[in-house]
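See below for final-v1.pdb, which holds PDB, C-alpha atoms, pLDDT in the B column.
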```
ATOM      1  CA  ASN A  21     124.617  43.305  89.710  1.00 70.00           C
ATOM      2  CA  ALA A  22     124.612  39.490  89.841  1.00 78.00           C
ATOM      3  CA  GLY A  23     127.140  39.211  92.713  1.00 93.00           C
ATOM      4  CA  VAL A  24     128.940  35.859  92.786  1.00 96.00           C
ATOM      5  CA  THR A  25     127.751  33.232  90.316  1.00 97.00           C
ATOM      6  CA  GLN A  26     128.713  29.572  90.145  1.00 98.00           C
ATOM      7  CA  THR A  27     128.142  26.898  87.524  1.00 97.00           C
ATOM      8  CA  PRO A  28     127.101  24.160  87.391  1.00 97.00           C
ATOM      9  CA  LYS A  29     124.667  23.886  90.297  1.00 96.00           C
ATOM     10  CA  PHE A  30     124.923  20.088  90.401  1.00 97.00           C
ATOM     11  CA  GLN A  31     127.462  17.670  88.947  1.00 97.00           C
ATOM     12  CA  VAL A  32     128.042  13.928  89.100  1.00 97.00           C
ATOM     13  CA  LEU A  33     131.466  12.574  88.151  1.00 97.00           C
ATOM     14  CA  LYS A  34     133.022   9.161  87.993  1.00 98.00           C
ATOM     15  CA  THR A  35     136.271   8.516  89.834  1.00 98.00           C
ATOM     16  CA  GLY A  36     139.200   9.688  87.747  1.00 97.00           C
ATOM     17  CA  GLN A  37     137.272  12.205  85.659  1.00 98.00           C
ATOM     18  CA  SER A  38     138.309  15.840  85.581  1.00 96.00           C
ATOM     19  CA  MET A  39     136.156  18.949  85.518  1.00 96.00           C
ATOM     20  CA  THR A  40     136.168  22.674  86.162  1.00 98.00           C
ATOM     21  CA  LEU A  41     133.841  24.514  88.532  1.00 98.00           C
ATOM     22  CA  GLN A  42     133.222  28.036  87.337  1.00 98.00           C
ATOM     23  CA  CYS A  43     133.024  31.126  89.531  1.00 98.00           C
ATOM     24  CA  ALA A  44     132.533  34.721  88.466  1.00 98.00           C
ATOM     25  CA  GLN A  45     131.899  37.996  90.277  1.00 97.00           C
ATOM     26  CA  ASP A  46     130.887  41.394  88.927  1.00 96.00           C
ATOM     27  CA  MET A  47     131.789  43.510  91.959  1.00 93.00           C
ATOM     28  CA  ASN A  48     135.408  44.174  90.927  1.00 92.00           C
ATOM     29  CA  HIS A  49     136.641  42.395  94.035  1.00 93.00           C
ATOM     30  CA  GLU A  50     140.332  41.615  94.264  1.00 91.00           C
ATOM     31  CA  TYR A  51     140.001  38.701  96.673  1.00 91.00           C
ATOM     32  CA  MET A  52     138.355  35.442  95.617  1.00 94.00           C
ATOM     33  CA  SER A  53     138.355  32.059  97.292  1.00 95.00           C
ATOM     34  CA  TRP A  54     137.029  28.518  97.121  1.00 97.00           C
ATOM     35  CA  TYR A  55     135.634  26.564 100.078  1.00 96.00           C
ATOM     36  CA  ARG A  56     134.231  23.089 100.427  1.00 97.00           C
ATOM     37  CA  GLN A  57     131.471  22.172 102.856  1.00 95.00           C
ATOM     38  CA  ASP A  58     131.006  18.623 104.070  1.00 91.00           C
ATOM     39  CA  PRO A  59     127.991  17.369 106.090  1.00 81.00           C
ATOM     40  CA  GLY A  60     128.018  18.542 109.689  1.00 73.00           C
ATOM     41  CA  MET A  61     131.069  20.688 109.133  1.00 77.00           C
ATOM     42  CA  GLY A  62     131.858  24.280 108.472  1.00 82.00           C
ATOM     43  CA  LEU A  63     133.464  25.502 105.287  1.00 92.00           C
ATOM     44  CA  ARG A  64     137.149  24.802 104.668  1.00 94.00           C
ATOM     45  CA  LEU A  65     139.366  26.967 102.492  1.00 94.00           C
ATOM     46  CA  ILE A  66     140.772  25.242  99.380  1.00 97.00           C
ATOM     47  CA  HIS A  67     142.521  28.003  97.402  1.00 96.00           C
ATOM     48  CA  TYR A  68     142.385  31.749  97.277  1.00 94.00           C
ATOM     49  CA  SER A  69     143.541  34.638  95.133  1.00 93.00           C
ATOM     50  CA  VAL A  70     144.361  38.211  96.111  1.00 90.00           C
ATOM     51  CA  GLY A  71     144.308  39.464  92.537  1.00 91.00           C
ATOM     52  CA  ALA A  72     144.665  38.524  88.891  1.00 94.00           C
ATOM     53  CA  GLY A  73     147.699  36.318  88.357  1.00 95.00           C
ATOM     54  CA  ILE A  74     148.085  35.512  92.057  1.00 95.00           C
ATOM     55  CA  THR A  75     146.852  32.336  93.742  1.00 96.00           C
ATOM     56  CA  ASP A  76     147.715  30.508  96.936  1.00 95.00           C
ATOM     57  CA  GLN A  77     146.772  27.404  98.868  1.00 96.00           C
ATOM     58  CA  GLY A  78     144.333  27.233 101.718  1.00 94.00           C
ATOM     59  CA  GLU A  79     143.724  24.517 104.285  1.00 92.00           C
ATOM     60  CA  VAL A  80     142.753  21.652 101.918  1.00 95.00           C
ATOM     61  CA  PRO A  81     144.338  22.259  98.475  1.00 97.00           C
ATOM     62  CA  ASN A  82     145.275  18.699  97.455  1.00 96.00           C
ATOM     63  CA  GLY A  83     143.536  17.489  94.310  1.00 96.00           C
ATOM     64  CA  TYR A  84     142.522  20.975  93.178  1.00 98.00           C
ATOM     65  CA  ASN A  85     144.045  23.588  90.895  1.00 97.00           C
ATOM     66  CA  VAL A  86     143.087  27.206  90.377  1.00 98.00           C
ATOM     67  CA  SER A  87     144.052  30.078  88.126  1.00 97.00           C
ATOM     68  CA  ARG A  88     143.140  33.761  88.065  1.00 97.00           C
ATOM     69  CA  SER A  89     143.616  35.242  84.608  1.00 97.00           C
ATOM     70  CA  THR A  90     141.022  38.005  85.126  1.00 97.00           C
ATOM     71  CA  THR A  91     139.627  39.858  88.124  1.00 96.00           C
ATOM     72  CA  GLU A  92     136.159  38.459  87.436  1.00 97.00           C
ATOM     73  CA  ASP A  93     136.804  34.721  87.098  1.00 98.00           C
ATOM     74  CA  PHE A  94     138.285  32.140  89.452  1.00 98.00           C
ATOM     75  CA  PRO A  95     137.758  28.561  88.180  1.00 98.00           C
ATOM     76  CA  LEU A  96     138.466  25.507  90.336  1.00 98.00           C
ATOM     77  CA  ARG A  97     139.765  22.396  88.562  1.00 98.00           C
ATOM     78  CA  LEU A  98     139.534  18.854  89.807  1.00 97.00           C
ATOM     79  CA  LEU A  99     142.331  16.972  88.092  1.00 92.00           C
ATOM     80  CA  SER A 100     141.259  13.384  88.852  1.00 97.00           C
ATOM     81  CA  ALA A 101     138.076  13.232  90.883  1.00 97.00           C
ATOM     82  CA  ALA A 102     137.920  11.006  93.964  1.00 97.00           C
ATOM     83  CA  PRO A 103     134.925  10.050  96.152  1.00 97.00           C
ATOM     84  CA  SER A 104     136.511  12.084  98.979  1.00 96.00           C
ATOM     85  CA  GLN A 105     135.858  15.189  96.876  1.00 97.00           C
ATOM     86  CA  THR A 106     132.116  14.695  97.100  1.00 97.00           C
ATOM     87  CA  SER A 107     131.052  17.950  98.717  1.00 97.00           C
ATOM     88  CA  VAL A 108     129.358  21.290  98.205  1.00 97.00           C
ATOM     89  CA  TYR A 109     131.736  23.894  96.825  1.00 98.00           C
ATOM     90  CA  PHE A 110     131.355  27.606  97.481  1.00 97.00           C
ATOM     91  CA  CYS A 111     133.135  30.468  95.822  1.00 97.00           C
ATOM     92  CA  ALA A 112     133.446  33.789  97.646  1.00 95.00           C
ATOM     93  CA  SER A 113     134.777  37.259  96.906  1.00 94.00           C
ATOM     94  CA  GLY A 114     135.657  40.360  98.888  1.00 89.00           C
ATOM     95  CA  GLN A 115     137.466  43.648  98.579  1.00 80.00           C
ATOM     96  CA  GLY A 116     140.670  42.134  99.940  1.00 63.00           C
ATOM     97  CA  VAL A 117     141.957  39.202 101.971  1.00 55.00           C
ATOM     98  CA  SER A 118     141.238  41.277 105.043  1.00 59.00           C
ATOM     99  CA  SER A 119     137.783  42.142 103.833  1.00 58.00           C
ATOM    100  CA  TYR A 120     135.597  40.715 106.493  1.00 61.00           C
ATOM    101  CA  GLU A 121     132.427  40.853 104.452  1.00 76.00           C
ATOM    102  CA  GLN A 122     132.870  38.018 102.010  1.00 86.00           C
ATOM    103  CA  TYR A 123     130.136  37.405  99.458  1.00 92.00           C
ATOM    104  CA  PHE A 124     129.369  33.771  98.726  1.00 95.00           C
ATOM    105  CA  GLY A 125     127.965  32.165  95.605  1.00 96.00           C
ATOM    106  CA  PRO A 126     125.047  29.684  95.678  1.00 96.00           C
ATOM    107  CA  GLY A 127     127.315  26.635  95.609  1.00 97.00           C
ATOM    108  CA  THR A 128     127.962  23.603  93.399  1.00 97.00           C
ATOM    109  CA  ARG A 129     126.936  20.207  94.720  1.00 97.00           C
ATOM    110  CA  LEU A 130     129.434  17.633  93.442  1.00 97.00           C
ATOM    111  CA  THR A 131     129.072  13.873  93.741  1.00 97.00           C
ATOM    112  CA  VAL A 132     131.921  11.550  92.769  1.00 97.00           C
ATOM    113  CA  THR A 133     130.988   7.900  92.348  1.00 97.00           C
TER     114      THR A 133
ATOM    115  CA  GLY B  14     141.722  20.475 114.114  1.00 30.00           C
ATOM    116  CA  GLU B  15     138.993  23.075 114.363  1.00 34.00           C
ATOM    117  CA  SER B  16     140.142  26.393 115.681  1.00 43.00           C
ATOM    118  CA  VAL B  17     136.599  27.663 115.859  1.00 57.00           C
ATOM    119  CA  GLY B  18     133.688  25.602 117.140  1.00 55.00           C
ATOM    120  CA  LEU B  19     130.136  25.782 118.379  1.00 49.00           C
ATOM    121  CA  HIS B  20     128.673  24.400 121.563  1.00 50.00           C
ATOM    122  CA  LEU B  21     125.356  23.050 120.222  1.00 58.00           C
ATOM    123  CA  PRO B  22     124.532  21.549 116.840  1.00 86.00           C
ATOM    124  CA  THR B  23     120.810  22.414 117.110  1.00 91.00           C
ATOM    125  CA  LEU B  24     118.922  25.168 118.923  1.00 93.00           C
ATOM    126  CA  SER B  25     115.125  25.223 119.046  1.00 95.00           C
ATOM    127  CA  VAL B  26     113.325  28.431 120.085  1.00 96.00           C
ATOM    128  CA  GLN B  27     109.775  29.735 120.121  1.00 97.00           C
ATOM    129  CA  GLU B  28     108.863  32.369 117.592  1.00 97.00           C
ATOM    130  CA  GLY B  29     109.180  35.770 119.242  1.00 97.00           C
ATOM    131  CA  ASP B  30     111.730  34.637 121.827  1.00 97.00           C
ATOM    132  CA  ASN B  31     115.350  35.713 121.817  1.00 97.00           C
ATOM    133  CA  SER B  32     117.963  33.281 120.483  1.00 96.00           C
ATOM    134  CA  ILE B  33     121.524  32.951 121.700  1.00 96.00           C
ATOM    135  CA  ILE B  34     124.022  30.990 119.635  1.00 95.00           C
ATOM    136  CA  ASN B  35     127.433  30.323 121.122  1.00 93.00           C
ATOM    137  CA  CYS B  36     130.881  29.768 119.697  1.00 91.00           C
ATOM    138  CA  ALA B  37     134.262  28.943 121.225  1.00 89.00           C
ATOM    139  CA  TYR B  38     137.509  29.729 119.495  1.00 84.00           C
ATOM    140  CA  SER B  39     141.071  28.708 120.222  1.00 77.00           C
ATOM    141  CA  ASN B  40     143.243  31.164 118.294  1.00 77.00           C
ATOM    142  CA  SER B  41     143.758  34.077 120.665  1.00 75.00           C
ATOM    143  CA  ALA B  42     145.628  35.962 117.920  1.00 79.00           C
ATOM    144  CA  SER B  43     142.512  36.298 115.759  1.00 83.00           C
ATOM    145  CA  ASP B  44     141.717  39.914 115.066  1.00 85.00           C
ATOM    146  CA  TYR B  45     138.273  39.615 113.580  1.00 89.00           C
ATOM    147  CA  PHE B  46     135.240  37.393 114.056  1.00 92.00           C
ATOM    148  CA  ILE B  47     132.227  37.068 111.817  1.00 92.00           C
ATOM    149  CA  TRP B  48     128.809  35.443 111.997  1.00 94.00           C
ATOM    150  CA  TYR B  49     127.269  33.939 108.867  1.00 94.00           C
ATOM    151  CA  LYS B  50     123.761  32.669 108.216  1.00 96.00           C
ATOM    152  CA  GLN B  51     123.228  29.830 105.762  1.00 94.00           C
ATOM    153  CA  GLU B  52     119.746  28.970 104.593  1.00 94.00           C
ATOM    154  CA  SER B  53     119.036  25.591 103.058  1.00 90.00           C
ATOM    155  CA  GLY B  54     120.507  25.280  99.566  1.00 89.00           C
ATOM    156  CA  LYS B  55     122.226  28.668  99.665  1.00 92.00           C
ATOM    157  CA  GLY B  56     125.656  30.071 100.325  1.00 93.00           C
ATOM    158  CA  PRO B  57     126.573  31.700 103.650  1.00 94.00           C
ATOM    159  CA  GLN B  58     125.374  35.249 104.133  1.00 93.00           C
ATOM    160  CA  PHE B  59     127.234  37.809 106.247  1.00 91.00           C
ATOM    161  CA  ILE B  60     125.326  38.890 109.362  1.00 93.00           C
ATOM    162  CA  ILE B  61     127.648  40.851 111.602  1.00 93.00           C
ATOM    163  CA  ASP B  62     131.295  41.055 112.558  1.00 92.00           C
ATOM    164  CA  ILE B  63     133.350  42.232 115.518  1.00 93.00           C
ATOM    165  CA  ARG B  64     136.962  43.218 115.968  1.00 91.00           C
ATOM    166  CA  SER B  65     139.023  41.729 118.757  1.00 91.00           C
ATOM    167  CA  ASN B  66     139.333  45.117 120.509  1.00 92.00           C
ATOM    168  CA  MET B  67     135.563  45.271 121.015  1.00 94.00           C
ATOM    169  CA  ASP B  68     133.334  43.256 123.336  1.00 95.00           C
ATOM    170  CA  LYS B  69     129.944  44.063 121.850  1.00 97.00           C
ATOM    171  CA  ARG B  70     128.494  45.136 118.555  1.00 96.00           C
ATOM    172  CA  GLN B  71     124.850  45.607 117.614  1.00 96.00           C
ATOM    173  CA  GLY B  72     123.070  45.380 114.322  1.00 93.00           C
ATOM    174  CA  GLN B  73     119.464  45.207 113.339  1.00 92.00           C
ATOM    175  CA  ARG B  74     117.921  42.649 115.751  1.00 95.00           C
ATOM    176  CA  VAL B  75     121.332  41.025 116.214  1.00 97.00           C
ATOM    177  CA  THR B  76     124.069  41.522 118.790  1.00 97.00           C
ATOM    178  CA  VAL B  77     127.487  39.886 118.855  1.00 97.00           C
ATOM    179  CA  LEU B  78     129.364  39.551 122.139  1.00 97.00           C
ATOM    180  CA  LEU B  79     133.048  38.730 122.393  1.00 95.00           C
ATOM    181  CA  ASN B  80     134.671  37.497 125.606  1.00 93.00           C
ATOM    182  CA  LYS B  81     138.382  37.244 124.975  1.00 90.00           C
ATOM    183  CA  THR B  82     139.129  36.012 128.489  1.00 90.00           C
ATOM    184  CA  VAL B  83     137.344  32.715 127.854  1.00 91.00           C
ATOM    185  CA  LYS B  84     137.610  32.846 124.028  1.00 90.00           C
ATOM    186  CA  HIS B  85     133.875  32.880 123.575  1.00 91.00           C
ATOM    187  CA  LEU B  86     131.703  34.493 120.933  1.00 94.00           C
ATOM    188  CA  SER B  87     127.921  34.660 120.896  1.00 96.00           C
ATOM    189  CA  LEU B  88     125.201  35.820 118.545  1.00 97.00           C
ATOM    190  CA  GLN B  89     121.959  37.088 120.009  1.00 97.00           C
ATOM    191  CA  ILE B  90     118.890  37.388 117.785  1.00 98.00           C
ATOM    192  CA  ALA B  91     116.028  39.407 119.230  1.00 97.00           C
ATOM    193  CA  ALA B  92     112.384  38.450 118.646  1.00 97.00           C
ATOM    194  CA  THR B  93     113.214  35.416 116.528  1.00 97.00           C
ATOM    195  CA  GLN B  94     111.160  35.109 113.347  1.00 96.00           C
ATOM    196  CA  PRO B  95     110.485  32.149 111.016  1.00 96.00           C
ATOM    197  CA  GLY B  96     112.894  33.703 108.502  1.00 96.00           C
ATOM    198  CA  ASP B  97     115.699  33.302 111.017  1.00 97.00           C
ATOM    199  CA  SER B  98     115.593  29.536 110.593  1.00 96.00           C
ATOM    200  CA  ALA B  99     119.025  28.585 109.216  1.00 96.00           C
ATOM    201  CA  VAL B 100     122.445  27.266 110.155  1.00 94.00           C
ATOM    202  CA  TYR B 101     124.616  29.878 111.836  1.00 95.00           C
ATOM    203  CA  PHE B 102     128.397  29.775 111.598  1.00 93.00           C
ATOM    204  CA  CYS B 103     130.980  31.733 113.463  1.00 93.00           C
ATOM    205  CA  ALA B 104     134.229  32.337 111.607  1.00 91.00           C
ATOM    206  CA  GLU B 105     137.533  33.973 112.306  1.00 89.00           C
ATOM    207  CA  GLN B 106     139.513  35.961 109.792  1.00 84.00           C
ATOM    208  CA  GLY B 107     142.997  34.595 109.203  1.00 79.00           C
ATOM    209  CA  ALA B 108     145.845  35.626 106.958  1.00 77.00           C
ATOM    210  CA  ASP B 109     144.535  33.515 104.075  1.00 79.00           C
ATOM    211  CA  GLY B 110     140.803  33.532 104.558  1.00 82.00           C
ATOM    212  CA  LEU B 111     138.070  32.471 106.912  1.00 85.00           C
ATOM    213  CA  THR B 112     138.149  29.569 109.384  1.00 88.00           C
ATOM    214  CA  PHE B 113     134.623  28.371 110.114  1.00 90.00           C
ATOM    215  CA  GLY B 114     133.088  26.524 113.015  1.00 87.00           C
ATOM    216  CA  LYS B 115     130.767  23.583 112.418  1.00 84.00           C
ATOM    217  CA  GLY B 116     127.515  25.509 112.675  1.00 90.00           C
ATOM    218  CA  THR B 117     124.359  25.599 114.798  1.00 92.00           C
ATOM    219  CA  HIS B 118     121.000  24.824 113.239  1.00 93.00           C
ATOM    220  CA  LEU B 119     118.413  27.287 114.565  1.00 96.00           C
ATOM    221  CA  ILE B 120     114.875  25.871 114.499  1.00 96.00           C
ATOM    222  CA  ILE B 121     111.920  28.196 115.049  1.00 96.00           C
ATOM    223  CA  GLN B 122     108.817  26.723 116.631  1.00 94.00           C
ATOM    224  CA  PRO B 123     105.451  28.465 116.092  1.00 90.00           C
TER     225      PRO B 123
END
```
Would you mind writing the file's structure down as structure tokens?
Amino acid sequence: NAGVTQTPKFQVLKTGQSMTLQCAQDMNHEYMSWYRQDPGMGLRLIHYSVGAGITDQGEVPNGYNVSRSTTEDFPLRLLSAAPSQTSVYFCASGQGVSSYEQYFGPGTRLTVT
Amino acid sequence: GESVGLHLPTLSVQEGDNSIINCAYSNSASDYFIWYKQESGKGPQFIIDIRSNMDKRQGQRVTVLLNKTVKHLSLQIAATQPGDSAVYFCAEQGADGLTFGKGTHLIIQP
């Protein structure tokens, strides 16, 4: 049971480039979410999904897209990277949106130059 | 702005002492509060949670206290060990997901 996995671990992009951060979980969780963590701050919710085919916006969704075609995968797409998107990105999953025990992946450290 | 916050960015304690990490929240409608531990280079790890209709909950070496009158949450770690060194976040469960505070860095001195 691998839990929540994220790839890549590190990524450097130039302004304007696009990329997809991958997230997968093998716990059959319905709820998945993406957070970003900036220095000296807590995590902020970007997008979330309560099940396959269903996604919704969190606190800071601008500049990011998500899709949920399967229960296991929840990729995060940066359409046109900006330096303000330099951050550490965490994916999490849980039994439901009201599942208080969320499991977090190891994170992707993204730098946009 | 932040609906959940922490009083101190850094807390230094002696190994073996008890640690108390504090958190203030502003959303009185929150039903559930959670403490997470984040070690360097890793994702947050669930420690303990508490519902709004409780004022205390105990786990293994950890206790969470909730004071709804002053909107205050605390995490107590008994007999602090080197492995407890991490950043601790309080979070509240909302309709969409978790709202995190900024975190307290717990430093363990030998």
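The residues returned by the ChimeraX specification (/A :<8) & /B for this structure are Tyr45, Ile47, Gly54, Lys55, Gly56, Pro57, Gln58, Phe59, Asp62, Phe102, Gln106, Ala108, Asp109, Gly110, Leu111, Thr112, Phe113, Gly114, Lys115 and Gly116 of chain B.
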Inset, instruction - With the file shown as input, list the residues that the PyMOL selection byres ((chain B and resi 35) around 12) selects, as a PyMOL selection string. - result: chain B and resi 17-24+32-34+36-38+48+76-80+84-90+101-104+114-119
Legend entry - Closest of A:Gln26, A:Arg56, A:Gln31, A:Asn82 to A:Phe94 - atom-to-atom distances counting all atoms listed in the file: A:Gln26
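With all atoms listed in the file as the atoms that count, the minimum distance from A:Leu99 to the choices A:Val86, A:Met39, A:Ala22, A:Val32 is reached by A:Met39.
Among B:Tyr49, B:Asp30, B:Glu105, B:Asp97, the residue with the shortest atom-to-atom distance to B:Arg64, counting all atoms listed in the file, is B:Glu105.
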Inset, instruction - With all atoms listed in the file counted, which protein, DNA or RNA residues have an atom no more than 7 Å from (145.0, 38.8, 88.0) in the file frame? Please answer as a PyMOL selection string. - result: chain A and resi 71-74+88-91
Inset, instruction - Determine, counting all atoms listed in the file, which protein, DNA and RNA residues have an atom within 10 Å of an atom of stretch 103-105 of chain A; residues of the same chain fewer than 6 positions away are not included. Present the result as a PyMOL selection string. - result: chain A and resi 33-36+56+58+83-84+130-133
Legend entry - Å distance separating atom CA of B:Ser98 from atom CA of A:Gly23, one decimal place: 23.4 Å
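Taking atom CA of A:Pro95 and atom CA of B:Asp44 as endpoints, the distance between them is 29.5 Å.
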Inset, instruction - Evaluate the PyMOL selection byres ((chain A and resi 27) around 7) and record the selected residues as JSON, numbers by chain, following the chain and residue labels used in the document. - result: {"A": [25, 26, 28, 29, 41, 42, 43, 128]}
Expected file: the selected residues, C-alpha atoms, as an mmCIF file, keeping the file's coordinate frame:
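Okay, again.cif is ready:
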```cif
data_model
loop_
_atom_site.group_PDB
_atom_site.id
_atom_site.type_symbol
_atom_site.label_atom_id
_atom_site.label_comp_id
_atom_site.auth_asym_id
_atom_site.auth_seq_id
_atom_site.Cartn_x
_atom_site.Cartn_y
_atom_site.Cartn_z
ATOM 1 C CA THR A 25 127.751 33.232 90.316
ATOM 2 C CA GLN A 26 128.713 29.572 90.145
ATOM 3 C CA PRO A 28 127.101 24.160 87.391
ATOM 4 C CA LYS A 29 124.667 23.886 90.297
ATOM 5 C CA LEU A 41 133.841 24.514 88.532
ATOM 6 C CA GLN A 42 133.222 28.036 87.337
ATOM 7 C CA CYS A 43 133.024 31.126 89.531
ATOM 8 C CA THR A 128 127.962 23.603 93.399
#
```
Inset, instruction - Between atom CA of B:Gln94 and atom CA of B:Ile61, measure the distance and give it in Å to one decimal. - result: 17.5 Å
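Nearest residue to A:Ala44 among A:Leu96, A:Ala102, A:Val24, A:Val80 is A:Val24, counting all atoms listed in the file.
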Assuming 3 Å of padding per side, give the centre and edge lengths of the axis-aligned box around every listed atom of stretch 119-129 of chain A, in Å to one decimal and as JSON.
```
{"center_x": 131.4, "center_y": 31.2, "center_z": 99.9, "size_x": 18.7, "size_y": 27.9, "size_z": 19.1}
```
Inset, instruction - Using all atoms listed in the file, find all polymer residues with an atom at most 6 Å away from the point (137.5, 41.1, 123.9); report them as an MDAnalysis selection string. - result: chainID B and resid 65:68 79:81
Inset, instruction - Give me the residues within 9 Å of B:Pro95 as a VMD selection string, counting all atoms listed in the file and dropping any in the same chain fewer than 6 places off. - result: chain B and resid 28 120 to 123
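Using all atoms listed in the file, the shortest contact distance between A:Asn48 and any of A:Thr106, A:Glu92, A:Asn85, A:Thr75 is found at A:Glu92.
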